[in-house]
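See below for coords01.tsv, which holds TSV, C-alpha atoms.
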```
chain	number	residue	atom	x	y	z
A	1	MET	CA	-3.57	-56.08	-234.06
A	2	ALA	CA	-0.59	-53.69	-234.28
A	3	ALA	CA	-0.22	-50.96	-231.67
A	4	THR	CA	-0.94	-48.18	-234.19
A	5	GLU	CA	-4.08	-49.95	-235.39
A	6	ARG	CA	-5.27	-50.44	-231.81
A	7	GLN	CA	-4.66	-46.73	-231.17
A	8	LEU	CA	-6.58	-45.81	-234.32
A	9	SER	CA	-9.40	-48.07	-233.34
A	10	LYS	CA	-9.58	-46.49	-229.88
A	11	GLN	CA	-9.62	-43.05	-231.50
A	12	GLU	CA	-12.50	-44.09	-233.74
A	13	GLU	CA	-14.40	-45.52	-230.78
A	14	ILE	CA	-13.97	-42.30	-228.78
A	15	ASN	CA	-15.04	-40.21	-231.78
A	16	SER	CA	-18.09	-42.41	-232.18
A	17	VAL	CA	-19.06	-42.01	-228.50
A	18	LEU	CA	-18.67	-38.22	-228.80
A	19	ARG	CA	-20.82	-38.20	-231.95
A	20	SER	CA	-23.51	-40.21	-230.15
A	21	LEU	CA	-23.55	-37.66	-227.33
A	22	LEU	CA	-23.96	-34.76	-229.75
A	23	GLU	CA	-26.69	-36.63	-231.64
A	24	ALA	CA	-28.53	-37.40	-228.38
A	25	ILE	CA	-28.57	-33.69	-227.42
A	26	PRO	CA	-28.59	-31.64	-230.63
A	27	ASP	CA	-28.55	-28.37	-228.65
A	28	LEU	CA	-24.95	-28.96	-227.55
A	29	ARG	CA	-22.38	-26.66	-229.16
A	30	GLY	CA	-19.62	-29.24	-229.04
A	31	ALA	CA	-17.57	-31.62	-226.93
A	32	LEU	CA	-13.97	-32.65	-226.47
A	33	VAL	CA	-11.83	-35.15	-224.63
A	34	ALA	CA	-8.38	-34.13	-223.36
A	35	ASP	CA	-5.81	-35.73	-221.11
A	36	ASN	CA	-4.67	-34.30	-217.77
A	37	GLU	CA	-1.80	-32.52	-219.49
A	38	GLY	CA	-4.24	-30.61	-221.67
A	39	LEU	CA	-3.50	-32.51	-224.87
A	40	PRO	CA	-6.52	-33.13	-227.13
A	41	ILE	CA	-7.68	-36.72	-227.64
A	42	ALA	CA	-10.91	-36.18	-229.57
A	43	GLN	CA	-13.10	-33.21	-230.34
A	44	SER	CA	-16.13	-31.97	-232.14
A	45	LEU	CA	-16.10	-28.22	-231.71
A	46	PRO	CA	-17.50	-25.18	-233.51
A	47	ALA	CA	-15.11	-23.90	-236.17
A	48	GLU	CA	-14.33	-20.72	-234.25
A	49	LEU	CA	-12.83	-22.66	-231.33
A	50	ASP	CA	-9.23	-23.83	-231.29
A	51	ALA	CA	-9.11	-27.47	-230.13
A	52	LEU	CA	-5.62	-27.13	-228.61
A	53	ARG	CA	-6.52	-24.11	-226.51
A	54	ALA	CA	-9.89	-25.54	-225.56
A	55	SER	CA	-8.31	-28.83	-224.43
A	56	ALA	CA	-5.66	-27.10	-222.36
A	57	ILE	CA	-8.11	-24.81	-220.57
A	58	ALA	CA	-10.59	-27.67	-219.99
A	59	ALA	CA	-7.89	-29.78	-218.33
A	60	THR	CA	-6.81	-26.79	-216.22
A	61	ALA	CA	-10.37	-26.12	-215.03
A	62	GLN	CA	-10.79	-29.82	-214.30
A	63	GLY	CA	-7.56	-29.83	-212.25
A	64	LEU	CA	-8.67	-26.82	-210.25
A	65	GLY	CA	-12.06	-28.44	-209.71
A	66	ARG	CA	-10.42	-31.61	-208.44
A	67	ARG	CA	-8.23	-29.61	-206.06
A	68	THR	CA	-11.25	-27.59	-204.91
A	69	VAL	CA	-13.31	-30.62	-203.89
A	70	GLU	CA	-10.26	-32.07	-202.14
A	71	MET	CA	-9.57	-28.89	-200.20
A	72	LEU	CA	-13.20	-28.30	-199.30
A	73	ARG	CA	-13.71	-31.96	-198.39
A	74	ALA	CA	-16.39	-32.61	-200.99
A	75	GLY	CA	-15.24	-36.14	-201.83
A	76	SER	CA	-14.07	-37.02	-205.34
A	77	LEU	CA	-14.71	-34.76	-208.29
A	78	THR	CA	-17.57	-35.79	-210.54
A	79	GLU	CA	-18.08	-32.69	-212.66
A	80	VAL	CA	-17.34	-28.99	-212.97
A	81	ALA	CA	-19.76	-26.45	-214.43
A	82	VAL	CA	-18.63	-23.05	-215.69
A	83	SER	CA	-21.41	-20.66	-216.66
A	84	GLY	CA	-21.23	-17.70	-219.00
A	85	THR	CA	-23.86	-15.41	-220.45
A	86	GLU	CA	-23.77	-17.32	-223.74
A	87	GLY	CA	-23.44	-20.87	-222.48
A	88	ILE	CA	-22.38	-23.40	-219.89
A	89	ILE	CA	-19.39	-25.70	-220.01
A	90	PHE	CA	-19.64	-29.00	-218.14
A	91	LEU	CA	-16.48	-30.94	-217.37
A	92	TYR	CA	-16.64	-34.63	-216.45
A	93	SER	CA	-13.83	-36.85	-215.18
A	94	VAL	CA	-12.96	-39.58	-217.65
A	95	GLY	CA	-11.30	-42.08	-215.35
A	96	THR	CA	-8.42	-40.42	-213.55
A	97	ARG	CA	-6.41	-39.32	-216.57
A	98	CYS	CA	-8.77	-37.42	-218.86
A	99	VAL	CA	-11.58	-34.92	-219.01
A	100	LEU	CA	-14.72	-34.67	-221.12
A	101	ALA	CA	-15.83	-31.08	-221.82
A	102	VAL	CA	-19.38	-30.52	-223.01
A	103	LEU	CA	-20.37	-27.11	-224.38
A	104	ALA	CA	-24.03	-26.35	-223.76
A	105	PRO	CA	-26.17	-23.36	-224.73
A	106	GLY	CA	-27.36	-20.72	-222.25
A	107	HIS	CA	-30.40	-22.48	-220.83
A	108	PRO	CA	-29.78	-26.18	-221.27
A	109	ASN	CA	-31.60	-29.25	-220.06
A	110	VAL	CA	-29.05	-29.93	-217.35
A	111	GLY	CA	-30.58	-33.23	-216.27
A	112	LEU	CA	-30.38	-34.67	-219.76
A	113	ILE	CA	-26.85	-33.37	-220.27
A	114	HIS	CA	-25.64	-34.97	-217.04
A	115	LEU	CA	-27.37	-38.23	-217.86
A	116	GLU	CA	-25.88	-38.53	-221.33
A	117	SER	CA	-22.49	-37.02	-220.55
A	118	ARG	CA	-21.79	-39.15	-217.47
A	119	ASP	CA	-22.57	-42.22	-219.54
A	120	CYS	CA	-20.36	-40.91	-222.33
A	121	ALA	CA	-17.49	-40.28	-219.87
A	122	LYS	CA	-17.79	-43.83	-218.53
A	123	LYS	CA	-17.72	-45.30	-222.03
A	124	ILE	CA	-14.66	-43.26	-222.99
A	125	ALA	CA	-12.90	-44.23	-219.75
A	126	SER	CA	-13.43	-47.89	-220.54
A	127	ILE	CA	-12.10	-47.38	-224.09
A	128	ILE	CA	-9.01	-45.57	-222.83
A	129	GLY	CA	-8.53	-48.27	-220.17
B	1	MET	CA	4.67	-35.85	-209.67
B	2	THR	CA	7.41	-37.90	-208.03
B	3	LEU	CA	10.92	-36.86	-207.02
B	4	ASN	CA	12.35	-39.59	-209.25
B	5	GLY	CA	10.19	-38.51	-212.20
B	6	LEU	CA	11.10	-34.86	-211.89
B	7	ARG	CA	14.81	-35.60	-211.49
B	8	GLU	CA	14.74	-37.82	-214.57
B	9	LYS	CA	12.99	-35.11	-216.62
B	10	VAL	CA	15.57	-32.49	-215.64
B	11	PHE	CA	18.45	-34.84	-216.43
B	12	GLU	CA	16.96	-35.71	-219.82
B	13	GLN	CA	17.07	-32.02	-220.67
B	14	PHE	CA	20.65	-31.60	-219.51
B	15	PRO	CA	23.23	-32.07	-222.30
B	16	PRO	CA	25.84	-34.72	-221.33
B	17	GLU	CA	28.61	-32.10	-221.39
B	18	MET	CA	27.06	-30.40	-218.37
B	19	ARG	CA	26.23	-33.48	-216.34
B	20	PHE	CA	28.03	-34.08	-213.08
B	21	THR	CA	30.33	-37.06	-213.59
B	22	ALA	CA	32.27	-39.47	-211.39
B	23	GLU	CA	35.38	-37.45	-212.34
B	24	ASP	CA	33.75	-34.26	-211.08
B	25	ALA	CA	32.89	-35.99	-207.80
B	26	ALA	CA	36.40	-37.39	-207.57
B	27	ILE	CA	38.11	-34.02	-207.92
B	28	ILE	CA	35.95	-32.59	-205.14
B	29	VAL	CA	36.84	-35.54	-202.93
B	30	ARG	CA	40.56	-35.05	-203.76
B	31	HIS	CA	40.35	-31.56	-202.26
B	32	ARG	CA	38.07	-32.55	-199.42
B	33	GLU	CA	40.22	-31.19	-196.59
B	34	MET	CA	40.59	-27.78	-198.19
B	35	LEU	CA	36.86	-27.51	-199.01
B	36	LEU	CA	35.71	-28.72	-195.61
B	37	SER	CA	37.96	-26.17	-193.94
B	38	TRP	CA	35.93	-23.41	-195.66
B	39	GLU	CA	32.62	-24.63	-194.26
B	40	SER	CA	32.13	-22.18	-191.39
B	41	THR	CA	33.20	-19.17	-193.48
B	42	ILE	CA	30.97	-20.10	-196.40
B	43	ILE	CA	27.96	-20.71	-194.15
B	44	LYS	CA	28.48	-17.48	-192.21
B	45	LYS	CA	28.84	-15.39	-195.37
B	46	HIS	CA	25.79	-17.09	-196.91
B	47	TYR	CA	23.47	-16.25	-194.03
B	48	ASP	CA	25.04	-12.83	-193.39
B	49	MET	CA	24.12	-11.94	-196.96
B	50	LEU	CA	20.59	-13.35	-196.77
B	51	TYR	CA	19.90	-11.74	-193.40
B	52	SER	CA	21.17	-8.34	-194.52
B	53	HIS	CA	18.89	-8.10	-197.59
B	54	ALA	CA	15.26	-7.24	-196.74
B	55	PRO	CA	13.47	-9.52	-199.29
B	56	THR	CA	15.53	-12.56	-198.26
B	57	ARG	CA	15.57	-11.69	-194.55
B	58	GLN	CA	11.74	-11.78	-194.42
B	59	ILE	CA	11.87	-15.49	-195.35
B	60	PHE	CA	13.38	-16.34	-191.98
B	61	ARG	CA	11.58	-16.91	-188.71
B	62	GLU	CA	12.79	-15.63	-185.39
B	63	GLY	CA	15.63	-17.67	-183.90
B	64	GLU	CA	16.06	-20.23	-186.67
B	65	ARG	CA	19.45	-19.18	-188.07
B	66	GLU	CA	21.38	-21.76	-186.09
B	67	ARG	CA	19.14	-24.59	-187.32
B	68	LEU	CA	19.42	-23.40	-190.92
B	69	GLU	CA	23.19	-23.14	-190.63
B	70	GLY	CA	23.16	-26.74	-189.44
B	71	LEU	CA	21.17	-27.79	-192.52
B	72	LEU	CA	23.56	-25.98	-194.84
B	73	SER	CA	26.45	-27.66	-193.06
B	74	ILE	CA	24.89	-31.09	-193.71
B	75	TRP	CA	24.40	-30.14	-197.36
B	76	TRP	CA	27.99	-28.83	-197.75
B	77	ARG	CA	29.47	-31.99	-196.20
B	78	ARG	CA	27.35	-34.17	-198.46
B	79	VAL	CA	28.56	-32.21	-201.51
B	80	ILE	CA	32.16	-32.68	-200.46
B	81	ASN	CA	32.04	-36.22	-199.10
B	82	GLY	CA	29.42	-37.54	-201.50
B	83	PRO	CA	27.77	-39.56	-202.65
B	84	ILE	CA	26.33	-37.25	-205.32
B	85	ASP	CA	23.76	-39.80	-206.40
B	86	ASP	CA	20.07	-39.97	-207.32
B	87	GLN	CA	19.12	-39.64	-203.66
B	88	PHE	CA	21.12	-36.41	-203.42
B	89	TRP	CA	19.52	-34.99	-206.57
B	90	ASN	CA	16.04	-36.03	-205.31
B	91	TRP	CA	16.80	-34.10	-202.14
B	92	MET	CA	17.40	-31.01	-204.29
B	93	VAL	CA	13.96	-31.44	-205.93
B	94	TYR	CA	12.51	-31.72	-202.43
B	95	VAL	CA	14.26	-28.47	-201.49
B	96	GLY	CA	12.34	-26.85	-204.37
B	97	LEU	CA	9.08	-27.99	-202.77
B	98	ALA	CA	10.21	-26.66	-199.40
B	99	HIS	CA	10.92	-23.34	-201.10
B	100	VAL	CA	7.23	-23.13	-202.10
B	101	LEU	CA	6.35	-23.62	-198.43
B	102	ARG	CA	8.81	-20.92	-197.28
B	103	LYS	CA	8.18	-18.61	-200.26
B	104	VAL	CA	11.81	-18.71	-201.32
B	105	LYS	CA	11.70	-17.41	-204.88
B	106	ASN	CA	13.97	-18.89	-207.54
B	107	PRO	CA	16.03	-15.68	-207.96
B	108	MET	CA	16.76	-15.81	-204.21
B	109	MET	CA	17.87	-19.44	-204.47
B	110	ILE	CA	20.01	-18.78	-207.54
B	111	ALA	CA	21.62	-15.72	-205.95
B	112	ALA	CA	22.29	-17.64	-202.73
B	113	TRP	CA	24.03	-20.41	-204.65
B	114	GLY	CA	25.88	-17.82	-206.73
B	115	TYR	CA	27.32	-16.30	-203.59
B	116	ILE	CA	28.50	-19.68	-202.29
B	117	ALA	CA	30.01	-20.40	-205.72
B	118	ASN	CA	31.76	-17.02	-205.72
B	119	ASN	CA	33.31	-17.81	-202.36
B	120	VAL	CA	34.35	-21.29	-203.50
B	121	VAL	CA	35.98	-19.93	-206.66
B	122	THR	CA	37.68	-17.13	-204.72
B	123	GLY	CA	39.04	-19.74	-202.31
B	124	ILE	CA	40.30	-21.97	-205.11
B	125	ASN	CA	41.98	-19.01	-206.81
B	126	ALA	CA	43.68	-18.04	-203.55
B	127	GLU	CA	45.00	-21.58	-203.04
B	128	GLU	CA	46.19	-21.66	-206.64
B	129	ALA	CA	48.04	-18.37	-206.12
B	130	LYS	CA	49.72	-19.85	-203.04
B	131	GLY	CA	50.71	-22.88	-205.08
B	132	THR	CA	48.81	-25.36	-202.90
B	133	ILE	CA	46.65	-26.46	-205.81
B	134	HIS	CA	47.85	-26.95	-209.38
B	135	SER	CA	46.19	-24.74	-212.00
B	136	ASP	CA	44.79	-27.76	-213.92
B	137	GLU	CA	43.27	-29.12	-210.74
B	138	ALA	CA	41.93	-25.67	-209.87
B	139	ARG	CA	40.25	-25.40	-213.28
B	140	LEU	CA	38.68	-28.86	-213.00
B	141	LEU	CA	37.49	-28.16	-209.47
B	142	VAL	CA	35.82	-24.91	-210.58
B	143	ILE	CA	34.14	-26.77	-213.46
B	144	ALA	CA	32.90	-29.47	-211.07
B	145	PHE	CA	31.27	-26.83	-208.88
B	146	ILE	CA	29.81	-25.03	-211.90
B	147	LYS	CA	28.22	-28.28	-213.12
B	148	LEU	CA	26.98	-29.20	-209.67
B	149	GLY	CA	25.43	-25.75	-209.25
B	150	LYS	CA	23.73	-25.72	-212.66
B	151	ILE	CA	22.15	-29.11	-212.06
B	152	PHE	CA	20.99	-28.56	-208.52
B	153	THR	CA	19.60	-25.08	-209.20
B	154	SER	CA	17.66	-26.59	-212.13
B	155	LEU	CA	16.31	-29.33	-209.87
B	156	VAL	CA	15.38	-26.90	-207.11
B	157	GLY	CA	13.82	-24.55	-209.67
B	158	ASP	CA	11.76	-27.25	-211.38
B	159	GLY	CA	10.82	-28.69	-207.98
B	160	TYR	CA	9.56	-25.23	-207.03
B	161	LEU	CA	7.53	-24.81	-210.24
B	162	SER	CA	6.10	-28.32	-210.04
B	163	GLY	CA	5.19	-27.76	-206.40
B	164	LEU	CA	3.37	-24.55	-207.31
B	165	ALA	CA	1.50	-26.26	-210.13
B	166	GLU	CA	0.55	-29.49	-208.40
B	167	ALA	CA	-0.45	-27.89	-205.12
B	168	THR	CA	-2.96	-25.75	-207.02
B	169	GLY	CA	-4.52	-28.62	-208.96
B	170	THR	CA	-2.56	-28.45	-212.20
B	171	ASN	CA	0.79	-29.86	-213.30
B	172	LEU	CA	3.82	-28.48	-215.07
B	173	ALA	CA	3.07	-30.27	-218.35
B	174	LEU	CA	-0.50	-28.94	-218.37
B	175	LEU	CA	0.66	-25.40	-217.61
B	176	GLU	CA	3.19	-25.66	-220.46
B	177	THR	CA	0.47	-26.86	-222.85
B	178	LEU	CA	-1.84	-24.05	-221.82
B	179	ALA	CA	0.89	-21.43	-221.78
B	180	SER	CA	2.23	-22.40	-225.20
B	181	GLN	CA	-1.23	-21.59	-226.58
B	182	GLU	CA	-1.56	-18.30	-224.77
B	183	VAL	CA	1.92	-16.84	-224.33
B	184	GLY	CA	1.97	-15.23	-227.79
B	185	THR	CA	-0.61	-12.67	-226.66
B	186	LEU	CA	1.43	-11.91	-223.57
B	187	MET	CA	4.61	-11.50	-225.62
B	188	GLU	CA	2.79	-9.13	-227.93
B	189	ARG	CA	1.66	-7.04	-224.97
B	190	VAL	CA	5.08	-6.68	-223.32
B	191	ARG	CA	7.17	-6.32	-226.49
B	192	SER	CA	7.07	-2.53	-226.30
B	193	GLU	CA	9.16	-2.71	-223.11
B	194	LEU	CA	12.10	-4.21	-224.98
```
Translate this structure into structure tokens?
Amino acid sequence: MAATERQLSKQEEINSVLRSLLEAIPDLRGALVADNEGLPIAQSLPAELDALRASAIAATAQGLGRRTVEMLRAGSLTEVAVSGTEGIIFLYSVGTRCVLAVLAPGHPNVGLIHLESRDCAKKIASIIG
Amino acid sequence: MTLNGLREKVFEQFPPEMRFTAEDAAIIVRHREMLLSWESTIIKKHYDMLYSHAPTRQIFREGERERLEGLLSIWWRRVINGPIDDQFWNWMVYVGLAHVLRKVKNPMMIAAWGYIANNVVTGINAEEAKGTIHSDEARLLVIAFIKLGKIFTSLVGDGYLSGLAEATGTNLALLETLASQEVGTLMERVRSEL
């Protein structure tokens, strides 16, 4: 398989994993995967959100979260949660090079979101390799 | 971030015309005796200036001038004697990280180098006027120092910015991605000051 085809196939696989996550929890507002430099890899976001900006800020928050757990001796980062009056954003490490951002409504089923999103992050990490 | 990686990124961005070449190094070495003889004057003037300006003076700790002069002396001799190689340029990136630690801002670093460069150029001009250095050699020597200064201030500057970014959990590439999305709003806000 040519490199471009492999890349395309990976992209499709990641998109499919993201779709499965959103289907499993229909309340979610959207989700994205970005690399540590804030570049978007895959996304399914509401139309009013800009994927480039969302990816960049998600990677920044993830980086700060990673640094925070290091500095405060809380082990390795697993996830970051940022709460607002209209929703909560959960950020999960995808391997060491990427981040999965999950946009939840104001009063979500946090247990279910963690369960599905952690699994989703693992699957994407294995696709990215 | 690695010193090698950062150095390579800076060099990629530098057009070949402004890179420091073997010829640039060679002309410095050809005038080694003259340049080394300026060492104590250049170092004294450098620290006199920094110690007499409040924002730069506050960088320094009590009683460390002699040690810092020693470090600048090592740097000056390395510039003159060489080798100006990857290890030297990596050292300049490392200096950028040390500047984060000591809160040496990039304008301070650039001004400090500018003052050394002024003194070097003034010295070369004086020797040229006395006829101890040919005008072509003088021109090439000035160019060598200009190129050296542009490269190392870029390395120190990028080292400083990368240090700031990485130490706070981000990285320069991520900040650039984020900033490129957001800077338009900032530009809009400050435009009225132009």
Near chain A, meaning an atom within 6 Å, which residues of chain B appear when counting all atoms listed in the file? Write them as a PyMOL selection string.
chain B and resi 169-170+173-174+178+181
As number ranges by chain, please: the residues near Ile89 in chain A (cut-off 8 Å, all atoms listed in the file, same-chain neighbours under 6 positions excluded).
A: 81-83, 101-104
Could you list, as an MDAnalysis selection string, every residue within 12 Å of range 108-122 of chain A, counting all atoms listed in the file and ignoring same-chain residues fewer than 6 positions away?
chainID A and resid 13:34 78:81 83 86:102 128:129
So the first atom is CA of Trp38 in chain B and the second is CA of Ala25 in chain B; what is the distance between them in Å, to one decimal place?
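Pair CA of Trp38 in chain B / CA of Ala25 in chain B returns 17.7 Å.
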With only C-alpha atoms as the atoms that count, which of B:Arg189, B:Arg30, B:Lys105, B:Lys45 lies nearest to Leu140 in chain B?
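The shortest atom-to-atom distance to Leu140 in chain B comes from B:Arg30.
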Nearby residues (all atoms listed in the file) at most 9 Å from Val29 in chain B, same-chain spacing under 4 positions excluded, as a VMD selection string:
chain B and resid 24 to 25 33 35 80 to 82
